[in-house]
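This is work_32.cif (mmCIF, C-alpha atoms).
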```
data_coords
loop_
_atom_site.label_atom_id
_atom_site.label_comp_id
_atom_site.auth_asym_id
_atom_site.auth_seq_id
_atom_site.Cartn_x
_atom_site.Cartn_y
_atom_site.Cartn_z
CA MET A 512 0.00 0.00 0.00
CA ALA A 513 2.86 2.34 0.65
CA TYR A 514 3.92 1.72 -2.90
CA MET A 515 0.50 2.92 -4.09
CA LEU A 516 0.62 6.08 -2.05
CA SER A 517 3.90 7.06 -3.61
CA ASN A 518 2.83 6.19 -7.18
CA PRO A 519 1.76 9.26 -9.22
CA THR A 520 -0.57 7.13 -11.39
CA PHE A 521 -2.53 6.18 -8.29
CA TRP A 522 -2.99 9.81 -7.29
CA THR A 523 -3.96 10.71 -10.84
CA GLY A 524 -6.62 7.99 -10.73
CA VAL A 525 -7.88 9.20 -7.33
CA ALA A 526 -8.01 12.78 -8.60
CA LEU A 527 -9.94 11.60 -11.63
CA VAL A 528 -12.47 9.75 -9.50
CA ILE A 529 -12.88 12.79 -7.22
CA PHE A 530 -13.25 15.07 -10.24
CA LEU A 531 -15.86 12.80 -11.78
CA ALA A 532 -17.73 12.64 -8.47
CA ILE A 533 -17.75 16.45 -8.25
CA VAL A 534 -18.91 16.74 -11.86
CA TRP A 535 -21.59 14.08 -11.20
CA LYS A 536 -22.74 15.84 -8.05
CA ALA A 537 -22.85 19.20 -9.84
CA GLY A 538 -25.19 17.68 -12.48
CA ALA A 539 -22.86 17.95 -15.43
CA HIS A 540 -24.10 14.61 -16.67
CA LYS A 541 -27.57 16.13 -16.92
CA ALA A 542 -26.17 19.06 -18.91
CA VAL A 543 -24.34 16.67 -21.23
CA ALA A 544 -27.43 14.50 -21.56
CA LYS A 545 -29.57 17.60 -22.17
CA SER A 546 -27.07 18.84 -24.74
CA LEU A 547 -27.14 15.46 -26.49
CA ASP A 548 -30.95 15.38 -26.31
CA ASP A 549 -31.13 18.92 -27.71
CA ARG A 550 -28.75 17.98 -30.48
CA ALA A 551 -30.77 14.82 -31.24
CA GLU A 552 -33.96 16.90 -31.25
CA ARG A 553 -32.35 19.50 -33.57
CA ILE A 554 -31.15 16.72 -35.89
CA ALA A 555 -34.66 15.19 -35.83
CA LYS A 556 -36.15 18.60 -36.71
CA GLU A 557 -33.63 19.01 -39.51
CA LEU A 558 -34.48 15.53 -40.78
CA ASP A 559 -38.21 16.36 -40.63
CA GLU A 560 -37.54 19.64 -42.45
CA ALA A 561 -35.44 17.80 -45.06
CA LYS A 562 -38.20 15.22 -45.47
CA ARG A 563 -40.78 18.00 -45.87
CA LEU A 564 -38.58 19.82 -48.38
CA ARG A 565 -38.03 16.58 -50.29
CA GLU A 566 -41.79 15.94 -50.48
CA GLU A 567 -42.36 19.54 -51.56
CA ALA A 568 -39.64 19.17 -54.21
CA GLN A 569 -41.27 15.96 -55.45
CA GLN A 570 -44.63 17.72 -55.66
CA LEU A 571 -43.04 20.61 -57.59
CA LEU A 572 -41.28 18.15 -59.86
CA ALA A 573 -44.55 16.33 -60.53
CA GLU A 574 -46.31 19.64 -61.18
CA TYR A 575 -43.58 20.79 -63.58
CA GLN A 576 -43.69 17.44 -65.34
CA ARG A 577 -47.47 17.82 -65.77
CA LYS A 578 -46.96 21.35 -67.05
CA ALA A 579 -44.24 20.14 -69.43
CA ARG A 580 -46.53 17.40 -70.77
CA ALA A 581 -49.34 19.93 -71.15
CA ALA A 582 -46.98 22.35 -72.92
CA GLU A 583 -45.79 19.56 -75.23
CA ALA A 584 -49.38 18.63 -76.01
CA GLU A 585 -50.23 22.28 -76.65
CA ALA A 586 -47.17 22.65 -78.88
CA ALA A 587 -48.21 19.54 -80.80
CA ASP A 588 -51.72 21.00 -81.21
CA ILE A 589 -50.25 24.28 -82.43
CA VAL A 590 -48.04 22.46 -84.93
CA ALA A 591 -50.97 20.35 -86.14
CA LYS A 592 -53.16 23.45 -86.50
CA ALA A 593 -50.36 25.25 -88.35
CA LYS A 594 -50.06 22.31 -90.75
CA GLU A 595 -53.83 22.31 -91.30
CA ASP A 596 -53.77 26.07 -91.88
CA ALA A 597 -50.88 25.70 -94.32
CA LEU A 598 -52.71 22.99 -96.26
CA ARG A 599 -55.91 25.05 -96.29
CA MET A 600 -54.02 28.16 -97.43
CA LYS A 601 -52.26 26.15 -100.13
CA ALA A 602 -55.60 24.80 -101.38
CA GLU A 603 -57.09 28.30 -101.37
CA ALA A 604 -54.06 29.67 -103.23
CA GLU A 605 -54.31 26.90 -105.82
CA LYS A 606 -58.03 27.57 -106.26
CA THR A 607 -57.43 31.30 -106.54
CA LEU A 608 -54.65 30.72 -109.07
CA ALA A 609 -56.90 28.41 -111.10
CA ASP A 610 -59.67 31.04 -111.03
CA VAL A 611 -57.26 33.78 -112.15
CA ILE A 612 -55.92 31.59 -114.96
CA GLU A 613 -59.46 30.74 -116.05
CA ARG A 614 -60.53 34.40 -116.05
CA ARG A 615 -57.46 35.47 -117.99
CA THR A 616 -57.95 32.63 -120.47
CA LYS A 617 -61.58 33.67 -121.02
CA ALA A 618 -60.52 37.32 -121.41
CA ALA A 619 -57.85 36.33 -123.95
CA GLU A 620 -60.35 34.17 -125.85
CA LEU A 621 -62.84 37.06 -125.87
CA LYS A 622 -60.18 39.45 -127.20
CA ILE A 623 -59.23 36.92 -129.88
CA SER A 624 -62.86 36.45 -130.97
CA GLN A 625 -63.37 40.24 -131.05
CA ALA A 626 -60.22 40.63 -133.13
CA GLU A 627 -61.44 37.90 -135.49
CA ARG A 628 -64.81 39.64 -135.89
CA ARG A 629 -63.09 42.98 -136.55
CA ALA A 630 -60.76 41.35 -139.05
CA MET A 631 -63.69 39.69 -140.81
CA ALA A 632 -65.59 42.98 -140.88
CA ASP A 633 -62.50 44.76 -142.25
CA VAL A 634 -62.02 42.06 -144.90
CA ARG A 635 -65.70 42.29 -145.91
CA ALA A 636 -65.47 46.08 -146.09
CA VAL A 637 -62.34 45.93 -148.25
CA ALA A 638 -63.90 43.18 -150.41
CA ALA A 639 -67.06 45.25 -150.80
CA ASP A 640 -65.02 48.32 -151.79
CA VAL A 641 -63.02 46.27 -154.28
CA ALA A 642 -66.21 44.71 -155.67
CA ILE A 643 -67.87 48.10 -155.97
CA ASN A 644 -64.88 49.61 -157.71
CA ALA A 645 -64.64 46.63 -160.06
CA ALA A 646 -68.38 46.76 -160.79
CA GLU A 647 -68.13 50.48 -161.37
CA LYS A 648 -65.31 50.03 -163.85
CA VAL A 649 -67.10 47.20 -165.68
CA LEU A 650 -70.37 49.08 -165.88
CA LYS A 651 -68.69 52.29 -167.04
CA ALA A 652 -66.93 50.37 -169.75
CA ARG A 653 -70.14 48.72 -170.99
CA VAL A 654 -72.45 51.65 -170.67
CA GLY A 655 -71.10 54.71 -172.40
CA SER A 656 -74.05 57.08 -172.40
CA GLY A 657 -75.11 59.53 -169.69
CA LEU A 658 -78.09 57.41 -168.81
CA GLY A 659 -75.79 54.53 -168.09
CA ALA A 660 -73.63 56.74 -165.86
CA ASP A 661 -76.65 57.73 -163.75
CA LEU A 662 -77.78 54.14 -163.56
CA VAL A 663 -74.27 53.02 -162.55
CA ALA A 664 -73.96 55.72 -159.89
CA LYS A 665 -77.37 54.81 -158.51
CA SER A 666 -76.52 51.10 -158.50
CA ILE A 667 -73.17 51.75 -156.83
CA ASP A 668 -74.84 53.74 -154.07
CA GLU A 669 -77.40 51.00 -153.61
CA VAL A 670 -74.71 48.28 -153.42
CA LYS A 671 -72.69 50.37 -150.95
CA ALA A 672 -75.74 50.78 -148.74
CA ARG A 673 -76.43 47.05 -148.77
CA LEU A 674 -72.84 45.93 -148.13
CA HIS A 675 -72.09 48.32 -145.33
#
```
Show how you would write the structure in this file as structure tokens.
Amino acid sequence: MAYMLSNPTFWTGVALVIFLAIVWKAGAHKAVAKSLDDRAERIAKELDEAKRLREEAQQLLAEYQRKARAAEAEAADIVAKAKEDALRMKAEAEKTLADVIERRTKAAELKISQAERRAMADVRAVAADVAINAAEKVLKARVGSGLGADLVAKSIDEVKARLH
């Protein structure tokens, strides 16, 4: 026992036991336990908050996915409508073009027929003038007297009136 009393390790052990007894008596273990409980409670609250945030994030993700699907569907509808509009506009343009071509063709045909009628009328007028002049010359050559000249002039006027 004398050896123990002179051993510094023994006295360090005794001091430690006394220190722990004082700390125990002062209630330090309660403070440590309370600190650990508070920390566990804070960690539990943080875990609950993280769980809540995760659920909220999942809800937002689901909502954004629904919105994205809706936007994709709307975009597809817009594209489909644009294609329909383009086809309709193309058909209308083709119809309008066909109508314009038809109207211009009819107008050209009308102008051609009018030109033909004018040309025929001009040819008839020239032919009538040539026939009158030829008849006048023939009649003047056959009839030499004044009576014949009056008859020829009268006949020429009558032919001119009938031909024109």
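For the atom pair formed by CA of Glu669 (chain A) and CA of Val637 (chain A), the distance is 16.8 Å, given to one decimal.
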If we count all atoms listed in the file and set the cut-off at 8 Å, which residues sit around Ile667 (chain A), ignoring sequence neighbours fewer than 3 positions away in its own chain? Please answer as a ChimeraX atom specification.
/A:643,646-647,663-664,670-671
Just the selected residues (C-alpha atoms), exported as a CSV table (one decimal), in the frame of the given file, please.
```csv
chain,number,residue,atom,x,y,z
A,643,ILE,CA,-67.9,48.1,-156.0
A,646,ALA,CA,-68.4,46.8,-160.8
A,647,GLU,CA,-68.1,50.5,-161.4
A,663,VAL,CA,-74.3,53.0,-162.6
A,664,ALA,CA,-74.0,55.7,-159.9
A,670,VAL,CA,-74.7,48.3,-153.4
A,671,LYS,CA,-72.7,50.4,-151.0
```
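Atom to atom, CA of Asp668 (chain A) and CA of Met631 (chain A) stand 22.3 Å apart.
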At most 12 Å is the cut-off: for each residue in region 576-600 of chain A with any atom that close to an atom of region 549-571 of chain A, write down the nearest atom pair and the distance in Å rounded to one decimal, counting only C-alpha atoms, chain first then increasing number, as a Markdown table.
```
| residue | atom | partner | partner_atom | distance |
| --- | --- | --- | --- | --- |
| A:Gln576 | CA | A:Leu571 | CA | 8.4 |
| A:Arg577 | CA | A:Leu571 | CA | 9.7 |
| A:Lys578 | CA | A:Leu571 | CA | 10.3 |
| A:Ala579 | CA | A:Leu571 | CA | 11.9 |
```
Interatomic distance (Å, one decimal) between CA of Met600 (chain A) and CA of Ala582 (chain A):
26.2 Å
Can region 530-550 of chain A be brought up to N, CA, C and O atoms and written out as a PDB file, in the frame of the given file?
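Listed below is the output, result_0.pdb:
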```pdb
ATOM      1  N   PHE A 530     -12.758  14.091  -9.251  1.00  0.00           N
ATOM      2  CA  PHE A 530     -13.250  15.070 -10.240  1.00  0.00           C
ATOM      3  C   PHE A 530     -14.561  14.607 -10.841  1.00  0.00           C
ATOM      4  O   PHE A 530     -15.520  15.374 -10.965  1.00  0.00           O
ATOM      5  N   LEU A 531     -14.639  13.331 -11.197  1.00  0.00           N
ATOM      6  CA  LEU A 531     -15.860  12.800 -11.780  1.00  0.00           C
ATOM      7  C   LEU A 531     -17.004  12.820 -10.755  1.00  0.00           C
ATOM      8  O   LEU A 531     -18.149  13.094 -11.130  1.00  0.00           O
ATOM      9  N   ALA A 532     -16.699  12.589  -9.502  1.00  0.00           N
ATOM     10  CA  ALA A 532     -17.730  12.640  -8.470  1.00  0.00           C
ATOM     11  C   ALA A 532     -18.254  14.054  -8.322  1.00  0.00           C
ATOM     12  O   ALA A 532     -19.458  14.279  -8.162  1.00  0.00           O
ATOM     13  N   ILE A 533     -17.337  15.032  -8.356  1.00  0.00           N
ATOM     14  CA  ILE A 533     -17.750  16.450  -8.250  1.00  0.00           C
ATOM     15  C   ILE A 533     -18.602  16.821  -9.463  1.00  0.00           C
ATOM     16  O   ILE A 533     -19.644  17.463  -9.339  1.00  0.00           O
ATOM     17  N   VAL A 534     -18.167  16.423 -10.624  1.00  0.00           N
ATOM     18  CA  VAL A 534     -18.910  16.740 -11.860  1.00  0.00           C
ATOM     19  C   VAL A 534     -20.270  16.067 -11.800  1.00  0.00           C
ATOM     20  O   VAL A 534     -21.290  16.666 -12.159  1.00  0.00           O
ATOM     21  N   TRP A 535     -20.323  14.811 -11.298  1.00  0.00           N
ATOM     22  CA  TRP A 535     -21.590  14.080 -11.200  1.00  0.00           C
ATOM     23  C   TRP A 535     -22.494  14.773 -10.214  1.00  0.00           C
ATOM     24  O   TRP A 535     -23.679  14.944 -10.483  1.00  0.00           O
ATOM     25  N   LYS A 536     -21.956  15.185  -9.104  1.00  0.00           N
ATOM     26  CA  LYS A 536     -22.740  15.840  -8.050  1.00  0.00           C
ATOM     27  C   LYS A 536     -23.244  17.190  -8.546  1.00  0.00           C
ATOM     28  O   LYS A 536     -24.347  17.598  -8.188  1.00  0.00           O
ATOM     29  N   ALA A 537     -22.455  17.883  -9.333  1.00  0.00           N
ATOM     30  CA  ALA A 537     -22.850  19.200  -9.840  1.00  0.00           C
ATOM     31  C   ALA A 537     -23.914  19.067 -10.929  1.00  0.00           C
ATOM     32  O   ALA A 537     -24.571  20.055 -11.291  1.00  0.00           O
ATOM     33  N   GLY A 538     -24.146  17.914 -11.464  1.00  0.00           N
ATOM     34  CA  GLY A 538     -25.190  17.680 -12.480  1.00  0.00           C
ATOM     35  C   GLY A 538     -24.695  17.889 -13.888  1.00  0.00           C
ATOM     36  O   GLY A 538     -25.484  18.159 -14.799  1.00  0.00           O
ATOM     37  N   ALA A 539     -23.411  17.775 -14.090  1.00  0.00           N
ATOM     38  CA  ALA A 539     -22.860  17.950 -15.430  1.00  0.00           C
ATOM     39  C   ALA A 539     -23.365  16.864 -16.363  1.00  0.00           C
ATOM     40  O   ALA A 539     -23.552  17.103 -17.559  1.00  0.00           O
ATOM     41  N   HIS A 540     -23.600  15.677 -15.798  1.00  0.00           N
ATOM     42  CA  HIS A 540     -24.100  14.610 -16.670  1.00  0.00           C
ATOM     43  C   HIS A 540     -25.475  14.952 -17.232  1.00  0.00           C
ATOM     44  O   HIS A 540     -25.814  14.591 -18.354  1.00  0.00           O
ATOM     45  N   LYS A 541     -26.258  15.706 -16.433  1.00  0.00           N
ATOM     46  CA  LYS A 541     -27.570  16.130 -16.920  1.00  0.00           C
ATOM     47  C   LYS A 541     -27.414  17.151 -18.051  1.00  0.00           C
ATOM     48  O   LYS A 541     -28.151  17.134 -19.043  1.00  0.00           O
ATOM     49  N   ALA A 542     -26.420  18.052 -17.868  1.00  0.00           N
ATOM     50  CA  ALA A 542     -26.170  19.060 -18.910  1.00  0.00           C
ATOM     51  C   ALA A 542     -25.706  18.390 -20.191  1.00  0.00           C
ATOM     52  O   ALA A 542     -26.127  18.756 -21.300  1.00  0.00           O
ATOM     53  N   VAL A 543     -24.824  17.383 -20.048  1.00  0.00           N
ATOM     54  CA  VAL A 543     -24.340  16.670 -21.230  1.00  0.00           C
ATOM     55  C   VAL A 543     -25.482  15.904 -21.870  1.00  0.00           C
ATOM     56  O   VAL A 543     -25.652  15.919 -23.093  1.00  0.00           O
ATOM     57  N   ALA A 544     -26.289  15.252 -21.029  1.00  0.00           N
ATOM     58  CA  ALA A 544     -27.430  14.500 -21.560  1.00  0.00           C
ATOM     59  C   ALA A 544     -28.416  15.450 -22.237  1.00  0.00           C
ATOM     60  O   ALA A 544     -28.949  15.153 -23.313  1.00  0.00           O
ATOM     61  N   LYS A 545     -28.651  16.616 -21.577  1.00  0.00           N
ATOM     62  CA  LYS A 545     -29.570  17.600 -22.170  1.00  0.00           C
ATOM     63  C   LYS A 545     -29.003  18.120 -23.482  1.00  0.00           C
ATOM     64  O   LYS A 545     -29.733  18.283 -24.466  1.00  0.00           O
ATOM     65  N   SER A 546     -27.701  18.366 -23.517  1.00  0.00           N
ATOM     66  CA  SER A 546     -27.070  18.840 -24.740  1.00  0.00           C
ATOM     67  C   SER A 546     -27.202  17.795 -25.847  1.00  0.00           C
ATOM     68  O   SER A 546     -27.510  18.120 -26.996  1.00  0.00           O
ATOM     69  N   LEU A 547     -26.989  16.530 -25.496  1.00  0.00           N
ATOM     70  CA  LEU A 547     -27.140  15.460 -26.490  1.00  0.00           C
ATOM     71  C   LEU A 547     -28.593  15.316 -26.930  1.00  0.00           C
ATOM     72  O   LEU A 547     -28.868  15.116 -28.124  1.00  0.00           O
ATOM     73  N   ASP A 548     -29.530  15.446 -25.959  1.00  0.00           N
ATOM     74  CA  ASP A 548     -30.950  15.380 -26.310  1.00  0.00           C
ATOM     75  C   ASP A 548     -31.340  16.542 -27.216  1.00  0.00           C
ATOM     76  O   ASP A 548     -32.085  16.360 -28.194  1.00  0.00           O
ATOM     77  N   ASP A 549     -30.832  17.754 -26.875  1.00  0.00           N
ATOM     78  CA  ASP A 549     -31.130  18.920 -27.710  1.00  0.00           C
ATOM     79  C   ASP A 549     -30.573  18.736 -29.122  1.00  0.00           C
ATOM     80  O   ASP A 549     -31.232  19.069 -30.103  1.00  0.00           O
ATOM     81  N   ARG A 550     -29.368  18.203 -29.168  1.00  0.00           N
ATOM     82  CA  ARG A 550     -28.750  17.980 -30.480  1.00  0.00           C
ATOM     83  C   ARG A 550     -29.543  16.927 -31.247  1.00  0.00           C
ATOM     84  O   ARG A 550     -29.797  17.085 -32.452  1.00  0.00           O
TER      85      ARG A 550
END
```
